[in-house]
Structures are given as structure tokens and as C-alpha cells.
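Engineer: Below is the file model.txt, which contains compact mmCIF, C-alpha atoms.
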```
# COMPACT_ATOMS: atom_id res chain seq x y z
CA MET R 1 -21.06 10.78 9.30
CA ALA R 2 -20.37 14.40 8.39
CA ALA R 3 -17.80 14.65 11.16
CA ALA R 4 -15.97 11.57 9.85
CA GLU R 5 -15.87 13.02 6.33
CA ASP R 6 -14.50 16.32 7.65
CA THR R 7 -11.82 14.41 9.55
CA LYS R 8 -10.75 12.57 6.39
CA LYS R 9 -10.62 15.76 4.32
CA ASP R 10 -8.58 17.44 7.03
CA ALA R 11 -6.15 14.52 7.06
CA ASP R 12 -5.75 14.52 3.28
CA VAL R 13 -4.97 18.25 3.25
CA LYS R 14 -2.51 18.17 6.14
CA ALA R 15 -0.77 14.97 5.03
CA THR R 16 0.43 16.77 1.88
CA LYS R 17 1.33 20.03 3.62
CA ALA R 18 5.04 19.29 3.68
CA GLU R 19 5.08 18.80 -0.10
CA LYS R 20 3.56 22.20 -0.72
CA GLU R 21 6.00 24.11 1.46
CA ASP R 22 8.58 24.34 -1.34
CA PRO R 23 7.48 26.02 -4.62
CA LYS R 24 10.26 24.15 -6.46
CA ALA R 25 8.17 21.00 -6.12
CA ASP R 26 5.35 22.42 -8.29
CA ASP R 27 6.77 21.29 -11.65
CA GLY R 28 7.31 17.74 -10.46
CA ASP R 29 3.89 17.63 -8.80
CA ALA R 30 2.24 18.83 -12.01
CA LYS R 31 3.87 15.96 -13.90
CA ASP R 32 2.69 13.47 -11.26
CA ASP R 33 -0.85 14.86 -11.48
CA LYS R 34 -0.76 14.44 -15.25
CA LYS R 35 0.33 10.80 -14.81
CA THR R 36 -2.58 10.29 -12.42
CA ALA R 37 -5.01 11.77 -14.95
CA ASP R 38 -3.57 9.64 -17.78
CA ALA R 39 -3.85 6.49 -15.63
CA ALA R 40 -7.50 7.31 -15.03
CA LYS R 41 -8.18 7.22 -18.78
CA LYS R 42 -8.47 3.46 -18.81
CA PRO R 43 -10.38 2.08 -21.80
CA PRO R 44 -13.74 0.43 -21.01
CA GLU R 45 -13.58 -3.36 -20.89
CA ASP R 46 -15.86 -3.67 -23.95
CA ASP R 47 -13.45 -1.41 -25.90
CA VAL R 48 -10.43 -3.69 -25.46
CA ILE R 49 -9.00 -4.98 -28.76
CA LYS R 50 -8.30 -8.73 -28.70
CA LYS R 51 -5.46 -10.50 -30.50
CA VAL R 52 -4.93 -14.27 -30.78
CA VAL R 53 -1.49 -15.55 -29.72
CA ASP R 54 -0.80 -19.30 -29.58
CA GLY R 55 -4.54 -19.91 -29.81
CA VAL R 56 -5.30 -17.67 -26.81
CA GLY R 57 -7.02 -14.28 -26.96
CA ILE R 58 -4.99 -11.50 -25.34
CA PRO R 59 -5.20 -9.41 -23.32
CA LEU R 60 -6.35 -12.12 -20.93
CA ASP R 61 -9.71 -11.55 -19.27
CA ILE R 62 -10.05 -10.74 -15.60
CA GLY R 63 -10.73 -14.03 -13.83
CA ALA R 64 -8.61 -16.07 -16.27
CA ARG R 65 -6.35 -18.73 -14.82
CA VAL R 66 -2.91 -19.56 -16.17
CA GLN R 67 0.49 -20.92 -15.10
CA CYS R 68 2.89 -18.10 -14.20
CA LYS R 69 6.56 -17.94 -13.19
CA TRP R 70 7.38 -17.19 -9.54
CA ARG R 71 10.58 -15.74 -8.04
CA ASP R 72 12.11 -19.22 -7.75
CA GLY R 73 11.75 -19.76 -11.51
CA GLN R 74 9.00 -22.38 -11.08
CA MET R 75 5.53 -22.13 -12.66
CA TYR R 76 2.45 -21.85 -10.40
CA PRO R 77 -1.29 -21.41 -11.09
CA VAL R 78 -2.49 -17.80 -10.85
CA ARG R 79 -5.79 -15.96 -11.26
CA VAL R 80 -5.93 -12.59 -13.04
CA ILE R 81 -7.31 -9.98 -10.64
CA GLU R 82 -6.84 -6.84 -12.75
CA ARG R 83 -5.18 -5.75 -15.99
CA ARG R 84 -3.87 -2.50 -17.46
CA ALA R 85 -2.58 -1.40 -20.85
CA GLY R 86 1.11 -0.71 -21.37
CA PRO R 87 2.72 2.56 -22.52
CA LYS R 88 1.61 2.02 -26.14
CA GLY R 89 -2.06 1.68 -25.21
CA LYS R 90 -4.68 -0.97 -25.82
CA GLU R 91 -3.48 -1.74 -29.37
CA ALA R 92 -0.26 -3.29 -27.97
CA GLN R 93 -1.85 -6.41 -26.48
CA GLU R 94 1.49 -8.07 -25.67
CA GLU R 95 2.43 -5.18 -23.35
CA TYR R 96 -0.56 -5.49 -21.01
CA GLU R 97 0.28 -5.98 -17.35
CA TYR R 98 -1.74 -8.31 -15.14
CA TYR R 99 -2.23 -8.20 -11.39
CA VAL R 100 -2.33 -11.87 -10.39
CA HIS R 101 -3.00 -13.93 -7.29
CA TYR R 102 -0.83 -17.04 -6.86
CA GLU R 103 -3.44 -19.54 -5.74
CA GLN R 104 -1.04 -21.50 -3.53
CA PHE R 105 0.24 -18.38 -1.74
CA ASN R 106 -1.07 -15.66 0.57
CA ARG R 107 -2.66 -12.50 -0.90
CA ARG R 108 0.30 -10.42 0.24
CA LEU R 109 2.36 -12.02 -2.57
CA ASP R 110 -0.02 -10.82 -5.32
CA THR R 111 1.89 -8.83 -7.94
CA TRP R 112 1.99 -7.37 -11.45
CA VAL R 113 3.34 -9.61 -14.23
CA THR R 114 3.48 -9.65 -18.03
CA ILE R 115 2.68 -12.19 -20.74
CA ALA R 116 6.38 -13.08 -20.90
CA GLU R 117 6.12 -14.68 -17.45
CA MET R 118 3.08 -16.81 -18.36
CA ASP R 119 2.56 -20.13 -20.13
CA LEU R 120 -0.36 -19.20 -22.39
CA SER R 121 -0.94 -22.82 -23.35
CA THR R 122 -2.38 -23.37 -19.84
CA ALA R 123 -4.78 -20.40 -19.94
CA GLU R 124 -8.42 -21.05 -19.09
CA GLN R 125 -11.35 -18.74 -18.45
CA ASP R 126 -13.84 -19.16 -15.60
CA GLU R 127 -17.33 -20.18 -16.58
CA PRO R 128 -19.88 -17.45 -15.75
CA GLY R 129 -21.44 -18.00 -12.32
CA LYS R 130 -19.04 -20.77 -11.41
CA LYS R 131 -17.59 -20.54 -7.89
CA ARG R 132 -14.33 -21.93 -6.67
CA LYS R 133 -14.05 -23.62 -3.31
CA HIS R 134 -11.58 -21.10 -1.91
CA GLU R 135 -13.77 -18.10 -2.72
CA ASP R 136 -16.05 -18.69 0.24
CA ALA R 137 -13.34 -19.89 2.59
CA HIS R 138 -13.39 -18.07 5.93
CA ASP R 139 -9.90 -17.82 7.40
CA GLU R 140 -8.96 -16.90 10.94
CA GLU R 141 -7.27 -13.67 9.84
CA HIS R 142 -10.67 -12.28 8.78
CA ALA R 143 -12.77 -13.81 11.55
CA GLU R 144 -14.45 -10.46 12.29
CA PHE R 145 -15.94 -10.32 8.75
CA ASP R 146 -19.11 -12.09 7.69
CA PRO R 147 -18.95 -13.62 4.16
CA ASN R 148 -20.59 -10.62 2.47
CA ALA R 149 -18.38 -8.10 4.28
CA LEU R 150 -15.31 -10.18 3.44
CA ARG R 151 -16.17 -10.20 -0.28
CA GLU R 152 -16.70 -6.43 -0.20
CA HIS R 153 -13.40 -5.93 1.66
CA GLU R 154 -11.49 -8.05 -0.85
CA GLU R 155 -13.06 -6.22 -3.80
CA VAL R 156 -11.99 -2.82 -2.45
CA THR R 157 -8.49 -3.96 -1.46
CA LYS R 158 -7.79 -6.49 -4.21
CA VAL R 159 -4.98 -4.51 -5.87
CA ARG R 160 -2.02 -3.08 -3.94
CA ASN R 161 -1.75 0.61 -4.76
CA ILE R 162 1.73 1.13 -3.25
CA LEU R 163 4.36 -1.51 -4.03
CA LYS R 164 7.31 -0.23 -1.96
CA VAL R 165 7.99 2.21 0.87
CA GLU R 166 11.24 3.75 2.04
CA LEU R 167 11.50 4.48 5.75
CA GLY R 168 14.85 5.80 6.92
CA ARG R 169 17.56 3.43 5.73
CA HIS R 170 15.09 0.66 4.93
CA GLU R 171 13.18 -0.13 1.73
CA MET R 172 10.28 -2.55 2.13
CA ASP R 173 7.96 -4.40 -0.24
CA THR R 174 4.37 -3.82 0.85
CA TRP R 175 1.81 -6.57 1.32
CA TYR R 176 -1.65 -5.01 1.04
CA PHE R 177 -3.74 -2.08 -0.16
CA SER R 178 -3.82 1.08 1.97
CA PRO R 179 -6.33 3.95 1.43
CA PHE R 180 -3.86 6.76 0.76
CA PRO R 181 -5.24 10.03 -0.68
CA PRO R 182 -6.12 9.69 -4.42
CA GLU R 183 -3.10 11.68 -5.63
CA TYR R 184 -0.82 8.92 -4.31
CA THR R 185 -2.60 5.91 -5.81
CA THR R 186 -0.42 5.78 -8.95
CA CYS R 187 2.89 5.90 -7.02
CA LYS R 188 4.74 2.60 -7.03
CA LYS R 189 6.93 3.78 -4.15
CA LEU R 190 6.41 6.25 -1.29
CA PHE R 191 9.10 7.93 0.79
CA PHE R 192 8.33 8.34 4.51
CA CYS R 193 10.06 10.66 6.94
CA GLU R 194 10.99 8.29 9.77
CA PHE R 195 10.53 11.03 12.38
CA THR R 196 7.29 12.82 11.36
CA LEU R 197 5.83 10.04 9.11
CA ASN R 198 4.99 12.59 6.40
CA PHE R 199 5.08 10.78 3.05
CA PHE R 200 6.19 11.94 -0.38
CA LYS R 201 6.10 10.86 -4.01
CA ARG R 202 9.76 11.59 -4.71
CA LYS R 203 13.07 11.32 -2.88
CA GLU R 204 13.81 14.99 -3.56
CA GLN R 205 10.67 16.06 -1.70
CA LEU R 206 11.66 13.98 1.32
CA GLN R 207 15.18 15.46 1.31
CA ARG R 208 13.78 19.02 1.29
CA HIS R 209 11.51 18.10 4.18
CA LEU R 210 14.41 16.62 6.18
CA ARG R 211 16.47 19.79 5.72
CA LYS R 212 13.66 21.80 7.32
CA THR R 213 12.41 19.49 10.06
CA GLU R 214 13.62 19.94 13.62
CA MET R 215 11.75 16.91 14.93
CA TYR R 216 13.85 13.78 15.42
CA HIS R 217 11.53 11.70 17.60
CA PRO R 218 7.81 10.85 17.67
CA PRO R 219 5.46 13.40 19.25
CA GLY R 220 3.96 12.66 22.67
CA ASP R 221 5.64 11.60 25.90
CA GLU R 222 8.58 9.26 26.31
CA ILE R 223 7.34 6.81 28.96
CA TYR R 224 10.06 4.15 28.94
CA ARG R 225 13.76 3.87 28.10
CA ASN R 226 16.12 0.91 28.21
CA GLU R 227 19.85 0.80 27.66
CA SER R 228 21.50 -2.60 27.36
CA ARG R 229 24.15 -4.31 25.22
CA GLY R 230 25.10 -1.00 23.66
CA LYS R 231 21.60 -0.28 22.33
CA THR R 232 19.01 2.18 23.53
CA THR R 233 15.27 1.75 23.01
CA ALA R 234 12.43 4.06 24.03
CA PHE R 235 8.62 3.96 24.10
CA PHE R 236 6.47 7.01 23.34
CA GLU R 237 2.80 7.40 24.31
CA ILE R 238 0.91 9.46 21.72
CA ASP R 239 -2.65 10.77 22.05
CA GLY R 240 -4.49 10.32 18.75
CA LYS R 241 -6.59 13.42 19.40
CA LYS R 242 -3.58 15.68 20.01
CA GLU R 243 -1.36 14.27 17.26
CA LYS R 244 -3.95 13.32 14.67
CA ILE R 245 -1.86 13.63 11.51
CA PHE R 246 1.07 11.60 12.87
CA CYS R 247 -1.26 8.83 14.06
CA GLN R 248 -3.24 8.76 10.81
CA ASN R 249 -0.02 8.51 8.79
CA LEU R 250 1.10 5.71 11.11
CA CYS R 251 -2.15 3.89 10.28
CA TYR R 252 -1.65 4.42 6.54
CA LEU R 253 1.78 2.83 6.86
CA ALA R 254 0.56 -0.04 9.05
CA LYS R 255 -2.29 -0.87 6.65
CA LEU R 256 0.27 -1.71 3.96
CA PHE R 257 1.19 -4.75 6.09
CA LEU R 258 -2.13 -5.57 7.83
CA ASP R 259 -4.91 -6.79 5.56
CA HIS R 260 -7.70 -6.52 8.14
CA LYS R 261 -6.80 -3.18 9.76
CA THR R 262 -9.83 -0.82 9.77
CA LEU R 263 -8.60 2.20 11.80
CA TYR R 264 -7.41 4.93 9.40
CA TYR R 265 -8.97 8.29 10.23
CA ASP R 266 -10.82 8.06 13.55
CA VAL R 267 -7.78 8.06 15.81
CA ASP R 268 -9.13 10.47 18.46
CA LEU R 269 -10.26 7.72 20.84
CA PHE R 270 -6.95 5.83 20.79
CA LEU R 271 -3.56 5.99 22.43
CA PHE R 272 -0.59 4.91 20.31
CA TYR R 273 2.57 3.40 21.78
CA VAL R 274 5.58 3.70 19.46
CA LEU R 275 8.82 1.77 20.02
CA CYS R 276 12.03 3.42 18.79
CA GLU R 277 15.70 2.57 18.54
CA VAL R 278 17.85 5.55 19.57
CA ASP R 279 21.18 6.62 18.09
CA GLU R 280 23.07 9.83 17.36
CA ARG R 281 20.78 10.55 14.37
CA GLY R 282 17.53 10.41 16.35
CA TYR R 283 14.71 8.04 17.29
CA HIS R 284 13.92 5.42 14.64
CA ILE R 285 10.49 3.78 14.67
CA VAL R 286 10.57 -0.02 14.74
CA GLY R 287 7.02 -0.89 15.86
CA TYR R 288 3.85 0.23 17.60
CA PHE R 289 0.53 -0.84 19.09
CA SER R 290 -2.60 1.08 19.98
CA LYS R 291 -5.44 0.81 22.50
CA GLU R 292 -8.66 2.63 23.27
CA LYS R 293 -8.46 5.32 25.95
```
What would the structure in this file look like if it were written as C-alpha cells?
Structural biologist:
Amino acid sequence: MAAAEDTKKDADVKATKAEKEDPKADDGDAKDDKKTADAAKKPPEDDVIKKVVDGVGIPLDIGARVQCKWRDGQMYPVRVIERRAGPKGKEAQEEYEYYVHYEQFNRRLDTWVTIAEMDLSTAEQDEPGKKRKHEDAHDEEHAEFDPNALREHEEVTKVRNILKVELGRHEMDTWYFSPFPPEYTTCKKLFFCEFTLNFFKRKEQLQRHLRKTEMYHPPGDEIYRNESRGKTTAFFEIDGKKEKIFCQNLCYLAKLFLDHKTLYYDVDLFLFYVLCEVDERGYHIVGYFSKEK
């Protein structure tokens, strides 16, 4: 257990090393740290000030169900998973944001919404102790979890901490929670170096890193190359013990799109196989898999 904790601490320190290389980043980092501290000052649930709007008390309670607008403009039933006060604090009840689960859709489509997107006339609160049928459902995606472990997993990962990532020329909406170091949990978007997989809070930090890096392909050994139809692809074999930080960062990134992934820190016993597209700019990661040694 102690060894695992040391490994995690080592990963957290090294994962942010690139940010700390440039002293010009200190002012921006200090502001980000202040935002993190301010976000942590969340008022206790029993200290929330209620206001009645259209016969409904707001902010809505966690567990409340209401009709909410989706991207197609249609209204769908949602359940409130979490809530947070807006910039003006708990006194501005109309500005609360709600993290909701669309009950007809997969968890990866959970998102933050506001009162403006809801039909408050349909709001209803769960009765204490009442269970819904879907709460104990055991889907194939989580077959390795028993019901208790599944409930614990969903409690820990219920709210996505990172909403978007930028990797090379691509910006992607994330699907699930990933256990990034605490200083990154308030970032809505992370910027990844597509060659080293170091991640940053701001675009400027990534650009400084790219000006310094001399690595334009994954670490490890290139074990396969194919050239056809004007495109070149290559596979790299990477030892998790030798390239721990790269592999851990790869797992952080993968967890944003895999709800049931459990390998984050203990990468020593695994080999990682990374597929890249090759062009004049370097080797661009497009996928990977891993296996035990």
C-alpha cells in the first residue's frame, strides 16, 4: 500500500514538471490555484438559501427530477446529480448550475445546465429511501463490479471533472471522470502534448513546452511500420516500468473515455502498444492497447 501511494505521489509531481520549467508561468498558476481554493469554498447544503420560482424552490435539490432541453431542442427527463453556485454566490439562486443525467441516455452525455434550460413546472423531488428501477440495473459494461462496488464507483465518478481536451489539432468532448491530480480538477479543458502526453491548464503553457521539447514520437521501440495509400502508420511498444510518466498520462487520457478503466498508476507490470500516424510534423497518437508482461 505504501509503495502504491509513493508511486502516485511521484506521478503527480512529475506530471506537472513541464509546467514548472518556465518561471513566467508562476503568475498564471497562482491565479489557477486561487480559483481552485475558491471553488473548494462551497457552502454546506444546509446553508443554501431557497427561493420560490413558479411554485418550485430553487436551487433544486440533488436527486430532483425535471424536464430539461437537449442539444436537439427537445425536452427530456433528467436527474440532478450535483449543483454549484454561480459567480454571485448562493444568494443568486437563478444562477446555480446543475450537473444532470439524461435518464434516456448514457452517462457519458451527463452535463452542466442552468435553470433556463429546464421546465420547472415538471420538477419533482425523490421521496426519501425510494429506489428507482434503473439504480440497481447491472449492465454489461460494468460486469466486473458487484452491486456495492458499482454504487461506490458511480459515486466517486459521478461528475466529469474535465469537459474537453485538446490533443494536437483535435479538440474532444470527454465522456467520464478521470482522477487527475487535485490542482487540475477545476479545469474545464486540458491541453495535451501529442508527443509526450504532458498536460497543461493553459494553451500558453503547452506552447512553451512544445518550443522546448525535442521528442516527436512516443518513447519505447517502434515495432511495426506500414506505408500504403500515401499514409504511414507505426506501432510503438512501451514498457510501463521504463516510461512510467508517459504511460500514466496515457491512462489519465484514456479514462476520460472509458468509464470502467481501473489502471491509472500501477503501470509497471504492463506493456503499452501505441498506434501513430506519421507525417512531416512527427508521430501522432491515434490509439493504443495494453497487456500484462
Engineer: For region 88-105 of chain R, find every residue with an atom within 7 Å (counting all atoms listed in the file), except residues of its own chain fewer than 3 positions away, and show them as a list in words.
Structural biologist: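 With the cut-off at 7 Å, the set is Val48, Ile49, Lys51, Ile58, Pro59, Tyr76, Pro77, Val78, Arg79, Val80, Ile81, Glu82, Arg83, Arg84, Ala85, Leu109, Asp110, Thr111, Trp112, Val113, Thr114 and Ile115 of chain R.
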Engineer: Please identify all polymer residues lying at most 10 Å from the point (0.4, 12.8, 12.2) (file coordinates), using only C-alpha atoms, and present the result as a JSON list (two decimals) with C-alpha atoms, in the frame of the given file.
Structural biologist:
```json
[["chain", "number", "residue", "atom", "x", "y", "z"],
["R", 11, "ALA", "CA", -6.15, 14.52, 7.06],
["R", 14, "LYS", "CA", -2.51, 18.17, 6.14],
["R", 15, "ALA", "CA", -0.77, 14.97, 5.03],
["R", 196, "THR", "CA", 7.29, 12.82, 11.36],
["R", 197, "LEU", "CA", 5.83, 10.04, 9.11],
["R", 198, "ASN", "CA", 4.99, 12.59, 6.40],
["R", 218, "PRO", "CA", 7.81, 10.85, 17.67],
["R", 219, "PRO", "CA", 5.46, 13.40, 19.25],
["R", 240, "GLY", "CA", -4.49, 10.32, 18.75],
["R", 242, "LYS", "CA", -3.58, 15.68, 20.01],
["R", 243, "GLU", "CA", -1.36, 14.27, 17.26],
["R", 244, "LYS", "CA", -3.95, 13.32, 14.67],
["R", 245, "ILE", "CA", -1.86, 13.63, 11.51],
["R", 246, "PHE", "CA", 1.07, 11.60, 12.87],
["R", 247, "CYS", "CA", -1.26, 8.83, 14.06],
["R", 248, "GLN", "CA", -3.24, 8.76, 10.81],
["R", 249, "ASN", "CA", -0.02, 8.51, 8.79],
["R", 250, "LEU", "CA", 1.10, 5.71, 11.11],
["R", 251, "CYS", "CA", -2.15, 3.89, 10.28]]
```
Engineer: Here is a test: counting all atoms listed in the file, which residue of R:Arg169, R:Arg65, R:Lys212, R:Lys241 is nearest to Gln125 (chain R)?
Structural biologist: R:Arg65
Engineer: CA of Glu194 (chain R) to CA of Gln207 (chain R): how many Å, to one decimal?
Structural biologist: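 Pair CA of Glu194 (chain R) / CA of Gln207 (chain R) returns 11.9 Å.
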Engineer: Just give me the gap between CA of Arg107 (chain R) and CA of Ser121 (chain R) in Å, one decimal is fine.
Structural biologist: 24.8 Å
Engineer: State, in Å with one decimal place, the distance from CA of His209 (chain R) to CA of His284 (chain R).
Structural biologist: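 We find that CA of His209 (chain R) and CA of His284 (chain R) lie 16.6 Å from each other.
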Engineer: Using all atoms listed in the file, determine which residues lie at most 10 Å from Thr213 (chain R), disregarding the query and same-chain residues fewer than 2 positions distant; provide the list as a list of chain:residue names.
Structural biologist: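 After dropping sequence-adjacent residues, the list is R:Ala18, R:Cys193, R:Phe195, R:Thr196, R:Arg208, R:His209, R:Leu210, R:Arg211, R:Met215, R:Tyr216.
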Engineer: May I ask which of the residues R:Met118, R:Val53, R:Cys276, R:Leu60 is the closest one to Gln74 (chain R), counting only C-alpha atoms?
Structural biologist: R:Met118
Engineer: List every protein, DNA or RNA residue with an atom no more than 9 Å from (8.6, 8.4, 29.4) in the file's coordinates, counting all atoms listed in the file, and format the result as a PyMOL selection string.
Structural biologist: chain R and resi 221-225+234-237
Engineer: Return as lines of an AutoDock Vina configuration file the box centre and box size in Å, one decimal, for an axis-aligned box around all listed atoms of region 91-107 of chain R padded by 4 Å per side.
Structural biologist:
```
center_x = -0.5
center_y = -11.6
center_z = -14.4
size_x = 13.9
size_y = 27.8
size_z = 37.9
```
Engineer: Quick one: residues within 9 Å of Glu166 (chain R), all atoms listed in the file, excluding same-chain residues fewer than 3 positions away - as a PDB file with C-alpha atoms, in the coordinates of the input?
Structural biologist:
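Output (selection17.pdb):
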```pdb
ATOM      1  CA  ARG R 169      17.560   3.430   5.730  1.00  0.00           C
ATOM      2  CA  HIS R 170      15.090   0.660   4.930  1.00  0.00           C
ATOM      3  CA  GLU R 171      13.180  -0.130   1.730  1.00  0.00           C
ATOM      4  CA  MET R 172      10.280  -2.550   2.130  1.00  0.00           C
ATOM      5  CA  LYS R 189       6.930   3.780  -4.150  1.00  0.00           C
ATOM      6  CA  LEU R 190       6.410   6.250  -1.290  1.00  0.00           C
ATOM      7  CA  PHE R 191       9.100   7.930   0.790  1.00  0.00           C
ATOM      8  CA  PHE R 192       8.330   8.340   4.510  1.00  0.00           C
ATOM      9  CA  CYS R 193      10.060  10.660   6.940  1.00  0.00           C
ATOM     10  CA  GLU R 194      10.990   8.290   9.770  1.00  0.00           C
TER      11      GLU R 194
END
```
Engineer: Rank nothing, just name the residue among R:Tyr283, R:Cys68, R:Leu120, R:Glu292 nearest to Asp266 (chain R), using only C-alpha atoms.
Structural biologist: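 For Asp266 (chain R), the nearest of the given residues is R:Glu292.
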Engineer: List the neighbours of Phe270 (chain R) out to 7 Å using all atoms listed in the file; skip same-chain residues closer than 2 positions along the sequence, and give me the result as a PyMOL selection string.
Structural biologist: chain R and resi 239-240+267-268+272+290-293
